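S.K.: Sharing upload-v9.cif (mmCIF, C-alpha atoms) below.
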```cif
data_upload
loop_
_atom_site.label_atom_id
_atom_site.label_comp_id
_atom_site.auth_asym_id
_atom_site.auth_seq_id
_atom_site.Cartn_x
_atom_site.Cartn_y
_atom_site.Cartn_z
CA MET A 25 -23.14 47.37 -54.67
CA SER A 26 -24.10 50.78 -55.93
CA SER A 27 -27.54 52.25 -55.84
CA SER A 28 -29.14 53.17 -59.13
CA SER A 29 -29.02 56.88 -58.29
CA SER A 30 -25.31 57.10 -57.57
CA PRO A 31 -22.57 54.99 -59.17
CA TYR A 32 -20.19 53.27 -56.76
CA TYR A 33 -17.02 55.21 -56.02
CA ARG A 34 -14.67 54.80 -53.07
CA LYS A 35 -12.42 57.76 -52.48
CA GLY A 36 -8.85 57.04 -51.41
CA SER A 37 -7.78 57.72 -47.85
CA PRO A 38 -5.05 60.33 -47.24
CA MET A 39 -2.58 57.42 -46.85
CA THR A 40 -3.68 55.94 -50.21
CA VAL A 41 -3.39 59.32 -51.91
CA ARG A 42 0.18 59.66 -50.57
CA PHE A 43 1.02 56.08 -51.67
CA ASN A 44 -0.36 56.77 -55.18
CA SER A 45 1.70 59.91 -55.42
CA VAL A 46 4.88 57.96 -54.57
CA VAL A 47 4.00 55.15 -57.02
CA GLY A 48 3.30 57.72 -59.77
CA TRP A 49 6.64 59.42 -59.10
CA LEU A 50 8.44 56.07 -59.24
CA ALA A 51 6.75 55.15 -62.55
CA ARG A 52 7.66 58.55 -64.05
CA HIS A 53 11.25 57.82 -63.07
CA GLY A 54 11.37 54.31 -64.54
CA ILE A 55 10.58 52.18 -61.50
CA SER A 56 7.49 49.98 -61.90
CA LEU A 57 6.27 48.16 -58.79
CA ALA A 58 4.72 44.82 -59.86
CA GLY A 59 3.90 46.21 -63.31
CA MET A 60 2.30 49.48 -62.22
CA ALA A 61 2.43 52.44 -64.60
CA GLU A 62 1.37 56.06 -64.57
CA MET A 63 -1.62 56.76 -66.79
CA SER A 64 -2.40 60.15 -68.27
CA VAL A 65 -5.87 60.91 -69.58
CA ARG A 66 -7.24 64.27 -70.76
CA GLY A 67 -9.65 65.85 -68.28
CA ARG A 68 -13.15 66.12 -69.70
CA THR A 69 -13.72 69.66 -68.43
CA SER A 70 -10.22 71.08 -67.89
CA GLY A 71 -8.66 69.64 -71.05
CA GLN A 72 -5.49 69.14 -68.99
CA MET A 73 -3.77 65.76 -68.75
CA GLN A 74 -4.61 64.08 -65.43
CA ARG A 75 -2.13 61.52 -64.06
CA ILE A 76 -2.85 58.51 -61.87
CA PRO A 77 -0.99 55.26 -61.10
CA VAL A 78 -2.72 52.20 -62.55
CA ASN A 79 -2.25 48.45 -62.66
CA PRO A 80 -2.37 47.50 -66.35
CA HIS A 81 -3.72 43.97 -66.53
CA VAL A 82 -3.07 41.37 -69.22
CA TYR A 83 -5.65 38.66 -69.77
CA GLU A 84 -5.19 36.21 -72.63
CA SER A 85 -4.12 38.44 -75.54
CA GLY A 86 -5.73 41.65 -74.28
CA GLN A 87 -4.61 44.52 -72.08
CA TYR A 88 -7.04 46.09 -69.63
CA LEU A 89 -7.43 48.88 -67.11
CA VAL A 90 -9.74 48.12 -64.19
CA SER A 91 -11.11 50.77 -61.85
CA ALA A 92 -11.01 49.10 -58.45
CA ARG A 93 -12.50 52.18 -56.78
CA GLY A 94 -15.45 52.36 -59.14
CA HIS A 95 -16.68 55.24 -61.26
CA SER A 96 -13.73 57.54 -60.52
CA GLN A 97 -12.70 60.76 -62.24
CA TRP A 98 -10.23 58.91 -64.48
CA VAL A 99 -13.04 56.59 -65.62
CA ARG A 100 -15.28 59.54 -66.45
CA ASN A 101 -12.41 61.20 -68.30
CA MET A 102 -11.57 57.99 -70.20
CA ARG A 103 -15.17 57.64 -71.38
CA VAL A 104 -14.88 61.07 -73.03
CA ALA A 105 -11.22 60.90 -74.16
CA GLY A 106 -11.30 57.33 -75.48
CA GLY A 107 -7.63 56.78 -74.64
CA GLY A 108 -4.54 58.14 -72.99
CA GLU A 109 -0.92 57.30 -72.26
CA LEU A 110 0.88 54.84 -70.00
CA ARG A 111 4.33 55.82 -68.74
CA VAL A 112 7.15 54.00 -67.06
CA GLY A 113 10.25 56.18 -67.14
CA ARG A 114 10.94 57.50 -70.62
CA THR A 115 8.72 54.87 -72.22
CA VAL A 116 5.36 56.41 -73.05
CA ARG A 117 2.76 54.27 -74.82
CA ALA A 118 -0.32 55.97 -76.26
CA PHE A 119 -3.45 53.83 -76.26
CA THR A 120 -7.10 53.82 -77.21
CA ALA A 121 -9.67 52.44 -74.79
CA VAL A 122 -13.06 50.76 -75.14
CA GLU A 123 -15.20 50.12 -72.08
CA LEU A 124 -16.40 46.54 -71.67
CA PRO A 125 -20.02 45.68 -70.99
CA ASP A 126 -20.65 44.05 -67.60
CA ASP A 127 -21.28 40.62 -69.14
CA GLU A 128 -17.68 40.46 -70.46
CA LYS A 129 -15.92 41.42 -67.21
CA LEU A 130 -15.95 38.15 -65.22
CA PRO A 131 -12.62 36.60 -66.36
CA ILE A 132 -10.84 39.97 -66.34
CA LEU A 133 -12.04 40.87 -62.84
CA ARG A 134 -11.20 37.41 -61.45
CA THR A 135 -7.65 37.40 -62.85
CA TYR A 136 -7.18 41.07 -61.87
CA LEU A 137 -8.13 40.19 -58.29
CA GLU A 138 -5.76 37.19 -58.38
CA LYS A 139 -2.86 39.46 -59.31
CA TRP A 140 -3.75 42.74 -57.58
CA GLY A 141 -6.07 41.66 -54.75
CA TRP A 142 -3.37 42.35 -52.15
CA GLU A 143 -3.73 46.03 -53.12
CA VAL A 144 -7.36 46.42 -54.22
CA ASN A 145 -9.55 43.92 -52.29
CA GLN A 146 -10.62 46.71 -49.90
CA TYR A 147 -12.46 48.41 -52.79
CA PHE A 148 -14.40 45.31 -53.88
CA GLN A 149 -16.71 45.16 -50.84
CA GLY A 150 -15.89 41.57 -49.84
CA VAL A 151 -15.50 40.19 -53.37
CA THR A 152 -12.15 38.44 -53.95
CA ALA A 153 -10.57 36.22 -56.59
CA LYS A 154 -12.03 33.24 -54.68
CA SER A 155 -15.60 34.59 -54.83
CA SER A 156 -18.19 32.77 -56.90
CA ASP A 157 -18.84 33.77 -60.51
CA GLU A 158 -22.22 35.14 -59.37
CA GLU A 159 -20.59 37.38 -56.75
CA ILE A 160 -18.06 38.77 -59.21
CA ILE A 161 -20.76 39.30 -61.85
CA ALA A 162 -22.88 41.15 -59.24
CA ALA A 163 -19.90 43.44 -58.48
CA ALA A 164 -19.08 44.07 -62.17
CA PRO A 165 -21.26 47.19 -62.63
CA ASP A 166 -19.31 48.88 -59.82
CA HIS A 167 -15.90 48.34 -61.47
CA PRO A 168 -15.45 49.77 -64.98
CA VAL A 169 -13.05 47.83 -67.22
CA PHE A 170 -11.44 49.21 -70.39
CA ARG A 171 -9.76 47.13 -73.09
CA ILE A 172 -6.76 49.15 -74.23
CA THR A 173 -4.96 48.98 -77.53
CA VAL A 174 -1.48 50.45 -77.61
CA LYS A 175 -0.88 52.54 -80.71
CA SER A 176 2.19 51.56 -82.71
#
```
Go through the file and emit its structure as structure tokens.
M.R.:
Amino acid sequence: MSSSSSPYYRKGSPMTVRFNSVVGWLARHGISLAGMAEMSVRGRTSGQMQRIPVNPHVYESGQYLVSARGHSQWVRNMRVAGGGELRVGRTVRAFTAVELPDDEKLPILRTYLEKWGWEVNQYFQGVTAKSSDEEIIAAAPDHPVFRITVKS
């Protein structure tokens, strides 16, 4: 869990950074691995669009973006920008985003870990889809979740 003075963030290893760059390239060229997409969000200081591969997650009738690594740069940018774009090939979907409070994250985090745990469990500090509700709730502050609404 994070300390109160510094929000949890786990930087990617050089191997992860290389993997993300390949996944982003694939998404830009129309190849989505297991539903991955490339997200663009405007940088809060640079004003430039920042790109990162993400795992859009569907739960019930909502679409979500979960930050497995914690309070990352894209999360900080999203809080300011309030939305961005998801791209797979030529299909670009603009969206708005609203961050969920911790007390609404449990079902989204559990189902996210069920689907994407093979890729992201390392960032959840021992919490998995099979963890108790209490354990997932305790981890919730370390993993921002945004409900996204695709603009038509």
S.K.: Given the choices A:Phe43, A:Trp49, A:Tyr136, A:Tyr147, which gets closest to Val112 in chain A if the distance is worked out from all atoms listed in the file?
M.R.: A:Trp49
S.K.: Provide an axis-aligned box for all listed atoms of range 33-48 of chain A, padding each side by 3 Å; report its centre and its edge lengths in Å to one decimal, as AutoDock Vina command-line options.
M.R.:
```
--center_x -6.1 --center_y 57.6 --center_z -53.3 --size_x 27.9 --size_y 11.5 --size_z 18.9
```
S.K.: Might you spell out which residues the PyMOL selection byres ((chain A and resi 113) around 10) would select in the displayed file, as a list of chain:residue names?
M.R.: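 Matching residues under the PyMOL selection byres ((chain A and resi 113) around 10) are A:Trp49, A:Leu50, A:Ala51, A:Arg52, A:His53, A:Gly54, A:Ile55, A:Ser56, A:Ala61, A:Glu62, A:Leu110, A:Arg111, A:Val112, A:Arg114, A:Thr115, A:Val116.
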S.K.: Go ahead and write the residues just picked, C-alpha atoms, as a compact mmCIF listing (two decimals), in the coordinates of the input.
M.R.:
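Result file out-v7.txt:
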```txt
# COMPACT_ATOMS: atom_id res chain seq x y z
CA TRP A 49 6.64 59.42 -59.10
CA LEU A 50 8.44 56.07 -59.24
CA ALA A 51 6.75 55.15 -62.55
CA ARG A 52 7.66 58.55 -64.05
CA HIS A 53 11.25 57.82 -63.07
CA GLY A 54 11.37 54.31 -64.54
CA ILE A 55 10.58 52.18 -61.50
CA SER A 56 7.49 49.98 -61.90
CA ALA A 61 2.43 52.44 -64.60
CA GLU A 62 1.37 56.06 -64.57
CA LEU A 110 0.88 54.84 -70.00
CA ARG A 111 4.33 55.82 -68.74
CA VAL A 112 7.15 54.00 -67.06
CA ARG A 114 10.94 57.50 -70.62
CA THR A 115 8.72 54.87 -72.22
CA VAL A 116 5.36 56.41 -73.05
```
S.K.: Tell me, as a list of chain:residue names, which residues lie within 9 Å of Ser96 in chain A, counting only C-alpha atoms; anything in the same chain fewer than 4 positions away does not count.
M.R.: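 The neighbour list is A:Tyr32, A:Tyr33, A:Arg34, A:Lys35, A:Ser91, A:Arg100, A:Asn101.
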S.K.: One decimal, Å: what's the distance from CA of Ser156 in chain A over to CA of Gly94 in chain A, could you say?
M.R.: 19.9 Å
S.K.: Evaluated on this file, the PyMOL selection byres ((chain A and resi 81) around 12) picks out some residues - which ones are they, written as a compact mmCIF listing (two decimals) with C-alpha atoms, in the coordinates of the input?
M.R.:
```txt
# COMPACT_ATOMS: atom_id res chain seq x y z
CA ALA A 58 4.72 44.82 -59.86
CA GLY A 59 3.90 46.21 -63.31
CA MET A 60 2.30 49.48 -62.22
CA ALA A 61 2.43 52.44 -64.60
CA VAL A 78 -2.72 52.20 -62.55
CA ASN A 79 -2.25 48.45 -62.66
CA PRO A 80 -2.37 47.50 -66.35
CA VAL A 82 -3.07 41.37 -69.22
CA TYR A 83 -5.65 38.66 -69.77
CA GLU A 84 -5.19 36.21 -72.63
CA SER A 85 -4.12 38.44 -75.54
CA GLY A 86 -5.73 41.65 -74.28
CA GLN A 87 -4.61 44.52 -72.08
CA TYR A 88 -7.04 46.09 -69.63
CA LEU A 89 -7.43 48.88 -67.11
CA VAL A 90 -9.74 48.12 -64.19
CA SER A 91 -11.11 50.77 -61.85
CA PRO A 131 -12.62 36.60 -66.36
CA ILE A 132 -10.84 39.97 -66.34
CA LEU A 133 -12.04 40.87 -62.84
CA ARG A 134 -11.20 37.41 -61.45
CA THR A 135 -7.65 37.40 -62.85
CA TYR A 136 -7.18 41.07 -61.87
CA LEU A 137 -8.13 40.19 -58.29
CA GLU A 138 -5.76 37.19 -58.38
CA LYS A 139 -2.86 39.46 -59.31
CA TRP A 140 -3.75 42.74 -57.58
CA VAL A 169 -13.05 47.83 -67.22
CA PHE A 170 -11.44 49.21 -70.39
CA ARG A 171 -9.76 47.13 -73.09
CA ILE A 172 -6.76 49.15 -74.23
```
S.K.: Using CA of Ala105 in chain A and CA of Arg68 in chain A as the two end points, give the distance in Å to one decimal.
M.R.: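 Between CA of Ala105 in chain A and CA of Arg68 in chain A the gap works out to 7.1 Å.
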S.K.: Of the candidates A:Ala164, A:Val41, A:Leu57, A:Val122, which one gets nearest to Arg103 in chain A if we count only C-alpha atoms?
M.R.: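 Result for the nearest residue to Arg103 in chain A: A:Val122.
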S.K.: Apply the PyMOL selection byres ((chain A and resi 160) around 12) to the displayed file and report the matching residues as a ChimeraX atom specification.
M.R.: /A:25,126-137,148-159,161-167
S.K.: Can those selected residues be exported to a file as a CSV table (one decimal), keeping the file's coordinate frame so that it contains C-alpha atoms?
M.R.:
```csv
chain,number,residue,atom,x,y,z
A,25,MET,CA,-23.1,47.4,-54.7
A,126,ASP,CA,-20.6,44.0,-67.6
A,127,ASP,CA,-21.3,40.6,-69.1
A,128,GLU,CA,-17.7,40.5,-70.5
A,129,LYS,CA,-15.9,41.4,-67.2
A,130,LEU,CA,-16.0,38.2,-65.2
A,131,PRO,CA,-12.6,36.6,-66.4
A,132,ILE,CA,-10.8,40.0,-66.3
A,133,LEU,CA,-12.0,40.9,-62.8
A,134,ARG,CA,-11.2,37.4,-61.4
A,135,THR,CA,-7.6,37.4,-62.8
A,136,TYR,CA,-7.2,41.1,-61.9
A,137,LEU,CA,-8.1,40.2,-58.3
A,148,PHE,CA,-14.4,45.3,-53.9
A,149,GLN,CA,-16.7,45.2,-50.8
A,150,GLY,CA,-15.9,41.6,-49.8
A,151,VAL,CA,-15.5,40.2,-53.4
A,152,THR,CA,-12.2,38.4,-54.0
A,153,ALA,CA,-10.6,36.2,-56.6
A,154,LYS,CA,-12.0,33.2,-54.7
A,155,SER,CA,-15.6,34.6,-54.8
A,156,SER,CA,-18.2,32.8,-56.9
A,157,ASP,CA,-18.8,33.8,-60.5
A,158,GLU,CA,-22.2,35.1,-59.4
A,159,GLU,CA,-20.6,37.4,-56.8
A,161,ILE,CA,-20.8,39.3,-61.8
A,162,ALA,CA,-22.9,41.2,-59.2
A,163,ALA,CA,-19.9,43.4,-58.5
A,164,ALA,CA,-19.1,44.1,-62.2
A,165,PRO,CA,-21.3,47.2,-62.6
A,166,ASP,CA,-19.3,48.9,-59.8
A,167,HIS,CA,-15.9,48.3,-61.5
```
S.K.: When you draw a straight line from CA of Val174 in chain A to CA of Ala121 in chain A, how long is it in Å?
M.R.: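 That distance, rounded to one decimal, is 8.9 Å.
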S.K.: Using only C-alpha atoms, find the one residue out of A:Ala118, A:Val144, A:Met73, A:Val65 that sits nearest to Val99 in chain A.
M.R.: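 When distances to Val99 in chain A are compared using only C-alpha atoms, the smallest one comes from A:Val65.
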S.K.: When you count all atoms listed in the file, which of these residues is closest to Met102 in chain A: A:Gly71, A:Pro38, A:Arg66, A:Phe119?
M.R.: A:Arg66
